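A.B. asks: I am attaching a structure below and will ask some questions about it afterwards.
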Amino acid sequence: MIHLSGAGKRFGHKLLFDGLDLMITPRDRMGLVGGNGTGKSTLLKVLGGMETLDYGAITTGKGTTTGYLPQDGLTLSGRSVFAECIAVFDYVRAMEVELQALTHSMAEIAPGDPEFIRVAERFNVVEHEFQSHDGYAIESKVGAVLGGLGFHTEDWGRRTEEFSGGWQMRIALAKLLLQTPNLLLLDEPTNHLDLAARNWLEQFLLDYPHAFVVISHDRYFLDVTVNKIAEIWNRKVHFYSGNYDKYLQQKDERRQQLESAYRNQRIKIEQLEAFINRFRYQATKAKQVQSRIKELDRIERLEIPPDEKLIKIKFPQPKPSGRTVAEFTGVSKNYGAKHVFSNVDFVIERGDRIALVGDNGAGKSTLIKLLAQIEPLSSGSYRVGHNVELDYFAQDQYKELNPAARVLDDMSSVSTRSTQTELRTLLGCFLFSDDDVFKPIGVLSGGERNRYALARMLLQPSNFLLLDEPTNHLDIRAKDVLLSALEDFTGTVVFVSHDRYFIDKLATRVFEIGGGAVNIFPGNYEDYLYRKEKSGAPAGVAPSAELAPQNNGGVKSPPAAAPQKRVNPIKRQQLEDRRHELEESIAWLESVIIECQDAQLSFVSASESARLANLIETSKDELRLAMEEWEKIAIALS
């Protein structure tokens with residue numbers, strides 16, 4: 001479809017990448033990863049024809065169509081949501097209009113007339129084309145995509161200009177998906193999606209009949225949608241087969257191999273240089289010295305790129321609170337005639353890490369604000385526990401910062417015990433590097449200021465953190481730093497996030513918000529989905545008694561016979577891959593044992609017999625362990 005050869009691109013004086021050879025085939029599902037500013041979005045625009053290469057060549061196959069979705073900035077107006085999306089099929093609707101006109105013509109022309117035959121033939125051609133484009137189903141297609149992306153039926157008739165920037169991007173994404181181009185180019189498509197819409201998009205891409213290239217900072221999204229990773233690193237593009245999890249494994253293995261090869265090369269170079277320096281001035285060794293010099297010149301020197309390992313930062317821990325951190329009793333919240341919560345009861349205990357989930361507009365941010373005491377209760381009571389100190393991180397947290405203060409100076413005032421190096425390292429993890437740390441906070445963008453506010457909060461955390469979408473505007477590396485800090489955090493956390501990986505790694509309980517209720521589930525998001533799937537209950541409806549969530553007091557009686565937990569798709573694939581590896585290993589070990597036993601029949605020497613006996617015993621031990629692991633995996637997959 002598209003082939004890049006020796007491609008290079010600069011941004012001003014900065015070289016983004018060079019020497020890139022890339023072939024995109026019709027069924028590729030590629031994830032594009034790398035640090036901020038490495039050129040991911042630029043490469044996506046090159047593939048879509050919005051940017052040109054500085055050198056190298058790009059070849060596009062005949063009939064290739066591309067569809068590009070930027071991170072943001074698209075605005076639509078003048079039509080309803082449904083009309084905007086169905087306009088994608090204007091060419092199909094034109095066929096429908098022509099079919100209607102041809103039908104009327106045939107009704108008015110006598111069947112024996114030559115004109116009737118001509119009109120009938122044209123009708124057959126157009127109808128065949130109309131059916132091949134699934135013309136009778138275009139309205140249902142539009143409805144399915146809009147519903148999947150979170151638009152309720154009553155929103156379809158609203159004007160596009162009535163929607164916020166995030167929802168405008170959803171409309172643009174819907175149009176792009178309905179166009180079904182040969183190559184989808186998606187730049188962080190999950191930025192403006194909630195969990196339900198992300199889950200739907202994951203399934204849509206899994207079923208997508210053509211190729212796509214996607215940039216995303218959502219690890220789970222990449223894990224379930226792509227089969228190839230292209231990483232821009234150190235001005236080069238490196239390719240890995242498999243999803244994001246396999247990319248991390250392969251990258252680590254490649255680095256280990258490179259380090260080993262580098263060490264061996266250094267030993268070789270040092271040996272050659274030592275020989276040359278020792279015998280350089282001896283006439284009898286002149287020929288050997290010249291040979292070594294030529295050999296040294298022919299060596300292509302290996303380089304170890306800068307290490308990108310996750311920086312582990314030790315954040316201060318807060319003083320402990322009482323066991324009960326927060327308690328809602330009969331809480332209701334209304335905005336005029338709109339009822340958000342009705343008669344809600346729950347208890348939050350010390351050490352809880354609670355994820356709030358639910359549809360957009362269900363009340364997640366409202367609940368966070370009620371806990372932060374920013375919004376008043378309409379009725380009921382809210383009790384904060386002993387020694388509880390709460391801190392609230394809002395989606396617009398940057399408004400609370402001093403715009404005149406420089407980033408590094410403001411950070412130093414918060415953490416007087418940290419060195420400048422430690423503070424700059426932390427700021428680097430949150431994408432503030434070089435001279436960025438000396439900028440006044442007021443000149444930073446909204447996203448940059450939110451990132452800074454989050455890093456600032458971690459340096460002086462309270463024992464009860466309320467975080468409203470803290471993962472917004474963070475790349476994968478910054479999310480890992482935040483996740484590591486919160487996993488080690490000894491206080492209590494309530495958070496809203498649309499990042500599946502982040503929720504799965506952090507949450508110990510899930511509060512599902514919907515229909516004016518708060519249903520409480522133990523475990524992470526995967527556990528929550530499992531219980532919802534087994535119960536078959538829609539959002540906001542409690543499951544049956546056997547699979548019920550925890551009651552509002554936070555105490556749950558275990559079911560008499562808990563159902564076996566489903567293995568999630570990523571884990572299942574990993575287990576199946578491991579089972580395949582074990583089966584190959586078992587077959588190989590069995591062949592080794594048989595060969596050694598056959599060899600023992602012919603005596604060679606006492607030492608050889610001892611070696612064979614030792615090899616047989618070692619192989620049997622390895623075979624036993626492999627069989628035990630295979631049996632455990634088989635049980636898990638059953």
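Quick note on naming: the chains in the structure tokens go A, B, ... in the order shown, residues restart at 1 in each chain, and ligands are numbered from 1 in order of appearance.
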According to DSSP computed on the backbone, where in segment 270-352 of chain A is there strand (DSSP E)? Give the residues as number ranges by chain.

C.D. replies: A: 324-335, 338-349

A.B. asks: Can I get the selected residues back with N, CA and C atoms, as an mmCIF file, in the first residue's frame?

C.D. replies:
```cif
data_model
loop_
_atom_site.group_PDB
_atom_site.id
_atom_site.type_symbol
_atom_site.label_atom_id
_atom_site.label_comp_id
_atom_site.auth_asym_id
_atom_site.auth_seq_id
_atom_site.Cartn_x
_atom_site.Cartn_y
_atom_site.Cartn_z
ATOM 1 N N THR A 324 -11.498 4.750 59.024
ATOM 2 C CA THR A 324 -12.562 5.261 58.154
ATOM 3 C C THR A 324 -12.137 6.629 57.625
ATOM 4 N N VAL A 325 -12.039 6.732 56.313
ATOM 5 C CA VAL A 325 -11.586 7.976 55.689
ATOM 6 C C VAL A 325 -12.777 8.864 55.326
ATOM 7 N N ALA A 326 -13.805 8.278 54.754
ATOM 8 C CA ALA A 326 -14.984 9.051 54.342
ATOM 9 C C ALA A 326 -16.208 8.152 54.386
ATOM 10 N N GLU A 327 -17.350 8.746 54.730
ATOM 11 C CA GLU A 327 -18.590 7.966 54.810
ATOM 12 C C GLU A 327 -19.761 8.809 54.306
ATOM 13 N N PHE A 328 -20.481 8.245 53.327
ATOM 14 C CA PHE A 328 -21.709 8.857 52.815
ATOM 15 C C PHE A 328 -22.901 8.118 53.428
ATOM 16 N N THR A 329 -23.886 8.874 53.901
ATOM 17 C CA THR A 329 -25.106 8.274 54.437
ATOM 18 C C THR A 329 -26.310 8.985 53.832
ATOM 19 N N GLY A 330 -27.070 8.264 53.023
ATOM 20 C CA GLY A 330 -28.287 8.804 52.425
ATOM 21 C C GLY A 330 -28.047 10.047 51.591
ATOM 22 N N VAL A 331 -26.931 10.089 50.866
ATOM 23 C CA VAL A 331 -26.567 11.300 50.123
ATOM 24 C C VAL A 331 -27.331 11.389 48.804
ATOM 25 N N SER A 332 -27.847 12.571 48.532
ATOM 26 C CA SER A 332 -28.470 12.875 47.245
ATOM 27 C C SER A 332 -27.867 14.166 46.714
ATOM 28 N N LYS A 333 -27.824 14.266 45.371
ATOM 29 C CA LYS A 333 -27.313 15.475 44.739
ATOM 30 C C LYS A 333 -28.161 15.794 43.526
ATOM 31 N N ASN A 334 -28.692 17.027 43.510
ATOM 32 C CA ASN A 334 -29.524 17.471 42.400
ATOM 33 C C ASN A 334 -28.979 18.781 41.850
ATOM 34 N N TYR A 335 -29.156 18.968 40.547
ATOM 35 C CA TYR A 335 -28.939 20.264 39.915
ATOM 36 C C TYR A 335 -30.278 20.690 39.329
ATOM 37 N N LYS A 338 -32.557 17.994 37.711
ATOM 38 C CA LYS A 338 -31.725 16.840 37.350
ATOM 39 C C LYS A 338 -31.211 16.157 38.607
ATOM 40 N N HIS A 339 -31.516 14.867 38.758
ATOM 41 C CA HIS A 339 -31.084 14.080 39.914
ATOM 42 C C HIS A 339 -29.830 13.292 39.521
ATOM 43 N N VAL A 340 -28.690 13.605 40.161
ATOM 44 C CA VAL A 340 -27.425 12.909 39.872
ATOM 45 C C VAL A 340 -27.280 11.696 40.778
ATOM 46 N N PHE A 341 -27.516 11.894 42.103
ATOM 47 C CA PHE A 341 -27.437 10.791 43.064
ATOM 48 C C PHE A 341 -28.684 10.794 43.934
ATOM 49 N N SER A 342 -29.089 9.606 44.346
ATOM 50 C CA SER A 342 -30.248 9.492 45.231
ATOM 51 C C SER A 342 -29.960 8.459 46.312
ATOM 52 N N ASN A 343 -29.959 8.920 47.575
ATOM 53 C CA ASN A 343 -29.869 8.032 48.733
ATOM 54 C C ASN A 343 -28.666 7.082 48.639
ATOM 55 N N VAL A 344 -27.473 7.644 48.471
ATOM 56 C CA VAL A 344 -26.244 6.861 48.306
ATOM 57 C C VAL A 344 -25.573 6.643 49.657
ATOM 58 N N ASP A 345 -25.170 5.398 49.934
ATOM 59 C CA ASP A 345 -24.427 5.045 51.148
ATOM 60 C C ASP A 345 -23.147 4.307 50.750
ATOM 61 N N PHE A 346 -22.025 4.716 51.305
ATOM 62 C CA PHE A 346 -20.794 3.930 51.168
ATOM 63 C C PHE A 346 -19.764 4.401 52.190
ATOM 64 N N VAL A 347 -18.766 3.557 52.405
ATOM 65 C CA VAL A 347 -17.659 3.870 53.319
ATOM 66 C C VAL A 347 -16.350 3.690 52.564
ATOM 67 N N ILE A 348 -15.457 4.646 52.678
ATOM 68 C CA ILE A 348 -14.108 4.545 52.122
ATOM 69 C C ILE A 348 -13.147 4.365 53.284
ATOM 70 N N GLU A 349 -12.314 3.317 53.207
ATOM 71 C CA GLU A 349 -11.401 3.000 54.301
ATOM 72 C C GLU A 349 -9.959 3.295 53.917
#
```

A.B. asks: Give me the residues within 9 Å of Asn360 of chain A as a ChimeraX atom specification, counting only C-alpha atoms and dropping any in the same chain fewer than 4 places off.

C.D. replies: /A:150,194,364

A.B. asks: So that I can see what lies close to Leu423 of chain A, please list as a PyMOL selection string the residues with an atom at most 12 Å from it, counting only C-alpha atoms and leaving out residues fewer than 3 positions away in the same chain.

C.D. replies: chain A and resi 313-315+407-420+426-430+432-433+437+452+455-456+458-459

A.B. asks: Near Tyr262 of chain A, within 10 Å and counting only C-alpha atoms, which residues show up once chain neighbours fewer than 3 positions away are dropped, as a PDB file with C-alpha atoms, in the first residue's frame?

C.D. replies:
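New file out-v9.pdb:
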```pdb
ATOM      1  CA  GLN A 256      20.819  -7.086  26.232  1.00  0.00           C
ATOM      2  CA  GLN A 257      22.093  -8.523  22.934  1.00  0.00           C
ATOM      3  CA  LEU A 258      23.461  -5.121  21.905  1.00  0.00           C
ATOM      4  CA  GLU A 259      25.226  -4.667  25.247  1.00  0.00           C
ATOM      5  CA  GLN A 265      33.622  -5.690  20.429  1.00  0.00           C
ATOM      6  CA  ARG A 266      35.361  -3.576  23.065  1.00  0.00           C
ATOM      7  CA  ILE A 267      37.429  -6.601  24.137  1.00  0.00           C
ATOM      8  CA  LYS A 268      38.378  -7.247  20.495  1.00  0.00           C
ATOM      9  CA  ARG A 301      31.769   0.552  15.950  1.00  0.00           C
ATOM     10  CA  LEU A 302      28.658  -0.284  17.963  1.00  0.00           C
ATOM     11  CA  GLU A 303      26.996   2.359  20.115  1.00  0.00           C
ATOM     12  CA  ILE A 304      24.766   1.923  23.145  1.00  0.00           C
TER      13      ILE A 304
END
```

A.B. asks: Excluding segment 171-187 of chain A and residues on its chain fewer than 6 positions from it, collect all residues at most 9 Å away from it, counting only C-alpha atoms, and give them as a PyMOL selection string.

C.D. replies: chain A and resi 1+24+26+40-41+44-45+47-48+63-72+74-76+81+84-89+141-142+145-146+149+160+204+208-216

A.B. asks: Using only C-alpha atoms, find each residue of segment 212-265 of chain A with at least one atom at most 9 Å away from an atom of segment 500-510 of chain A; report its shortest atom-to-atom pair and that distance in Å (one decimal), sort the rows by chain and rising residue number, and return the result as a tab-separated table.

C.D. replies:
```
residue	atom	partner	partner_atom	distance
A:Asp218	CA	A:Tyr501	CA	7.3
A:Arg219	CA	A:Tyr501	CA	6.2
A:Tyr220	CA	A:Tyr501	CA	5.2
A:Phe221	CA	A:Arg500	CA	7.8
```

A.B. asks: Let's have the selection written as a compact mmCIF listing (two decimals), in the first residue's frame, with C-alpha atoms.

C.D. replies:
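After the write, result-v2.txt holds the following:
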```txt
# COMPACT_ATOMS: atom_id res chain seq x y z
CA ASP A 218 -2.85 3.89 26.30
CA ARG A 219 -0.93 0.64 26.84
CA TYR A 220 -4.03 -1.53 27.08
CA PHE A 221 -5.44 -0.08 23.85
```

A.B. asks: Considering only C-alpha atoms, can you say which of A:Glu98, A:Glu487, A:Asp468, A:Glu161 comes closest to Ala372 of chain A?

C.D. replies: A:Asp468

A.B. asks: Show me, as a ChimeraX atom specification, the residues that have an atom within 12 Å of Asn124 of chain A when counting only C-alpha atoms, minus same-chain residues fewer than 3 positions from it.

C.D. replies: /A:95,98-99,102-103,117-121,127-131

A.B. asks: Export all heavy atoms of the chosen residues as a tab-separated table (two decimals), in the first residue's frame?

C.D. replies:
```tsv
chain	number	residue	atom	x	y	z
A	95	MET	N	-26.97	7.50	-5.59
A	95	MET	CA	-27.42	6.30	-6.32
A	95	MET	C	-28.89	6.01	-5.98
A	95	MET	O	-29.67	5.64	-6.85
A	95	MET	CB	-26.58	5.09	-5.93
A	95	MET	CG	-25.13	5.14	-6.36
A	95	MET	SD	-24.31	3.60	-5.87
A	95	MET	CE	-22.63	4.17	-5.75
A	98	GLU	N	-31.09	8.28	-7.85
A	98	GLU	CA	-31.15	7.88	-9.26
A	98	GLU	C	-32.04	6.65	-9.42
A	98	GLU	O	-32.81	6.55	-10.39
A	98	GLU	CB	-29.75	7.60	-9.80
A	98	GLU	CG	-29.75	7.29	-11.30
A	98	GLU	CD	-28.37	7.05	-11.87
A	98	GLU	OE1	-27.39	7.12	-11.11
A	98	GLU	OE2	-28.27	6.78	-13.09
A	99	LEU	N	-31.94	5.70	-8.48
A	99	LEU	CA	-32.79	4.50	-8.56
A	99	LEU	C	-34.27	4.88	-8.51
A	99	LEU	O	-35.10	4.30	-9.23
A	99	LEU	CB	-32.45	3.55	-7.41
A	99	LEU	CG	-31.17	2.73	-7.54
A	99	LEU	CD1	-30.90	1.93	-6.26
A	99	LEU	CD2	-31.26	1.77	-8.73
A	102	LEU	N	-35.21	6.33	-11.85
A	102	LEU	CA	-35.29	5.28	-12.87
A	102	LEU	C	-36.56	4.45	-12.70
A	102	LEU	O	-37.19	4.02	-13.67
A	102	LEU	CB	-34.06	4.39	-12.79
A	102	LEU	CG	-32.73	5.04	-13.24
A	102	LEU	CD1	-31.55	4.14	-12.88
A	102	LEU	CD2	-32.73	5.30	-14.74
A	103	THR	N	-36.96	4.23	-11.44
A	103	THR	CA	-38.19	3.48	-11.17
A	103	THR	C	-39.41	4.23	-11.72
A	103	THR	O	-40.30	3.63	-12.34
A	103	THR	CB	-38.34	3.25	-9.64
A	103	THR	OG1	-37.20	2.55	-9.16
A	103	THR	CG2	-39.60	2.46	-9.34
A	117	ILE	N	-35.89	-0.58	-22.22
A	117	ILE	CA	-34.76	-1.52	-22.08
A	117	ILE	C	-33.52	-0.76	-21.61
A	117	ILE	O	-32.78	-1.22	-20.72
A	117	ILE	CB	-34.48	-2.23	-23.42
A	117	ILE	CG1	-35.71	-3.08	-23.80
A	117	ILE	CG2	-33.23	-3.09	-23.33
A	117	ILE	CD1	-35.62	-3.69	-25.18
A	118	ARG	N	-33.29	0.43	-22.16
A	118	ARG	CA	-32.11	1.21	-21.77
A	118	ARG	C	-32.20	1.61	-20.29
A	118	ARG	O	-31.23	1.49	-19.53
A	118	ARG	CB	-32.01	2.46	-22.63
A	118	ARG	CG	-30.71	3.26	-22.42
A	118	ARG	CD	-30.78	4.61	-23.08
A	118	ARG	NE	-31.79	5.47	-22.47
A	118	ARG	CZ	-31.59	6.11	-21.30
A	118	ARG	NH1	-30.46	5.97	-20.64
A	118	ARG	NH2	-32.55	6.87	-20.82
A	119	VAL	N	-33.40	2.08	-19.89
A	119	VAL	CA	-33.59	2.50	-18.49
A	119	VAL	C	-33.46	1.30	-17.55
A	119	VAL	O	-32.85	1.40	-16.47
A	119	VAL	CB	-34.96	3.19	-18.33
A	119	VAL	CG1	-35.26	3.45	-16.85
A	119	VAL	CG2	-35.00	4.49	-19.11
A	120	ALA	N	-34.01	0.15	-17.95
A	120	ALA	CA	-33.94	-1.05	-17.11
A	120	ALA	C	-32.49	-1.51	-16.93
A	120	ALA	O	-32.08	-1.94	-15.84
A	120	ALA	CB	-34.78	-2.16	-17.72
A	121	GLU	N	-31.72	-1.44	-18.01
A	121	GLU	CA	-30.30	-1.83	-17.91
A	121	GLU	C	-29.55	-0.90	-16.96
A	121	GLU	O	-28.73	-1.34	-16.15
A	121	GLU	CB	-29.66	-1.81	-19.30
A	121	GLU	CG	-30.12	-2.95	-20.20
A	121	GLU	CD	-29.55	-2.85	-21.60
A	121	GLU	OE1	-28.94	-1.79	-21.92
A	121	GLU	OE2	-29.69	-3.82	-22.38
A	127	GLU	N	-28.42	-0.40	-9.29
A	127	GLU	CA	-28.86	-1.18	-8.13
A	127	GLU	C	-27.76	-2.12	-7.65
A	127	GLU	O	-27.54	-2.28	-6.44
A	127	GLU	CB	-30.12	-1.97	-8.45
A	127	GLU	CG	-30.67	-2.69	-7.22
A	127	GLU	CD	-31.91	-3.50	-7.51
A	127	GLU	OE1	-31.96	-4.16	-8.57
A	127	GLU	OE2	-32.83	-3.49	-6.68
A	128	HIS	N	-27.05	-2.73	-8.59
A	128	HIS	CA	-25.94	-3.62	-8.20
A	128	HIS	C	-24.86	-2.83	-7.45
A	128	HIS	O	-24.34	-3.28	-6.41
A	128	HIS	CB	-25.34	-4.27	-9.45
A	128	HIS	CG	-24.14	-5.12	-9.15
A	128	HIS	ND1	-24.24	-6.37	-8.56
A	128	HIS	CD2	-22.81	-4.89	-9.34
A	128	HIS	CE1	-23.04	-6.87	-8.40
A	128	HIS	NE2	-22.15	-6.00	-8.87
A	129	GLU	N	-24.54	-1.64	-7.95
A	129	GLU	CA	-23.55	-0.78	-7.30
A	129	GLU	C	-24.05	-0.34	-5.92
A	129	GLU	O	-23.30	-0.32	-4.94
A	129	GLU	CB	-23.26	0.44	-8.18
A	129	GLU	CG	-22.15	1.34	-7.69
A	129	GLU	CD	-20.77	0.75	-7.87
A	129	GLU	OE1	-20.64	-0.32	-8.51
A	129	GLU	OE2	-19.81	1.36	-7.35
A	130	PHE	N	-25.32	0.00	-5.84
A	130	PHE	CA	-25.93	0.44	-4.58
A	130	PHE	C	-25.87	-0.67	-3.53
A	130	PHE	O	-25.51	-0.44	-2.37
A	130	PHE	CB	-27.37	0.86	-4.85
A	130	PHE	CG	-28.09	1.42	-3.65
A	130	PHE	CD1	-27.80	2.68	-3.18
A	130	PHE	CD2	-29.08	0.68	-3.01
A	130	PHE	CE1	-28.47	3.21	-2.07
A	130	PHE	CE2	-29.75	1.19	-1.91
A	130	PHE	CZ	-29.44	2.46	-1.45
A	131	GLN	N	-26.19	-1.89	-3.95
A	131	GLN	CA	-26.17	-3.02	-3.01
A	131	GLN	C	-24.75	-3.39	-2.61
A	131	GLN	O	-24.50	-3.80	-1.46
A	131	GLN	CB	-26.88	-4.22	-3.63
A	131	GLN	CG	-28.40	-4.05	-3.75
A	131	GLN	CD	-29.08	-5.28	-4.33
A	131	GLN	OE1	-28.41	-6.18	-4.82
A	131	GLN	NE2	-30.40	-5.29	-4.29
```

A.B. asks: To one decimal place, how far is atom CA of Ile276 of chain A from atom CA of Ser291 of chain A in Å?

C.D. replies: 9.5 Å

A.B. asks: If you measure from atom CA of Gly6 of chain A to atom CA of Leu20 of chain A, what distance in Å do you get, rounded to one decimal?

C.D. replies: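 Interatomic distance, atom CA of Gly6 of chain A to atom CA of Leu20 of chain A: 4.9 Å.
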